[in-house]
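Engineer: Below you will find the structure I want to go over with you.
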Amino acid sequence: MPTKNDIALRPRFKRELSEGNQSVLERFEASKTKQSNFRVTRIDNHVFIKYPKKDQHFWSPQLHLEIDEISSQSSVLHGLFGPNPTVWTMFMFLHFIVASIFIAFGIWAYVNWNLGEDFTVQISLMVLMIIIWFVLYFVGRIGRDSSKNEMHGLRNFMETILKEKSPS
């Protein structure tokens with residue numbers, strides 16, 4: 001599953017479709033009743049595909065699709081894999097806290113340096129914040145890598161729906 005950026009914790013993809021967005025959205029809407037392996041939610045031109053609650057774990061991915069109309073005979077699909085939004089928000093909040101603490105220790109070190117006082121403790125704590133940031137990044141990578149099979153399952157389900165023919 002090639003992505004634009006291998007470093008991304010939330011892989012994205014884009015694809016042009018040779019049919020209007022309404023027929024594709026209707027197929028996703030109909031898939032809610034045809035199967036029970038995935039939870040499909042549609043809001044306007046956005047489709048969210050998740051695993052059922054009983055099959056989810058902390059790092060379970062979801063697939064967010066946005067299907068925009070180009071013309072009546074073509075549309076573009078934007079896809080985004082990511083963890084549960086609550087998990088992602090917590091993860092970003094931790095990054096924000098680490099960055100804020102890093103900046104605070106940087107200011108404290110600068111003030112001590114200007115006053116001619118020792119600032120090794122502040123520099124040490126700044127280095128610790130950098131280490132914590134790397135740990136958070138690698139924890140995110142491990143979480144993403146541990147759910148690759150589930151991401152493939154979501155993608156395969158999406159491909160199955162996209163290959164179905166519209167009832168005419």
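Letters A, B, ... go to the chains of the structure tokens in the order shown; residues in each chain start at 1; ligands are counted from 1 in the same order.
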Show which residues sit within 12 Å of range 19-31 of chain A, as a PyMOL selection string. Count only C-alpha atoms, and ignore same-chain residues fewer than 4 positions away.

Structural biologist: chain A and resi 15+35-49+65-78+157-168

Engineer: Hey, what's within 8 Å of Leu154 in chain A if we count only C-alpha atoms and toss same-chain stuff fewer than 5 positions away? As a list in words, please?

Structural biologist: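 The residues that qualify are Ile49, Lys50, Gln62 and Leu63 of chain A.
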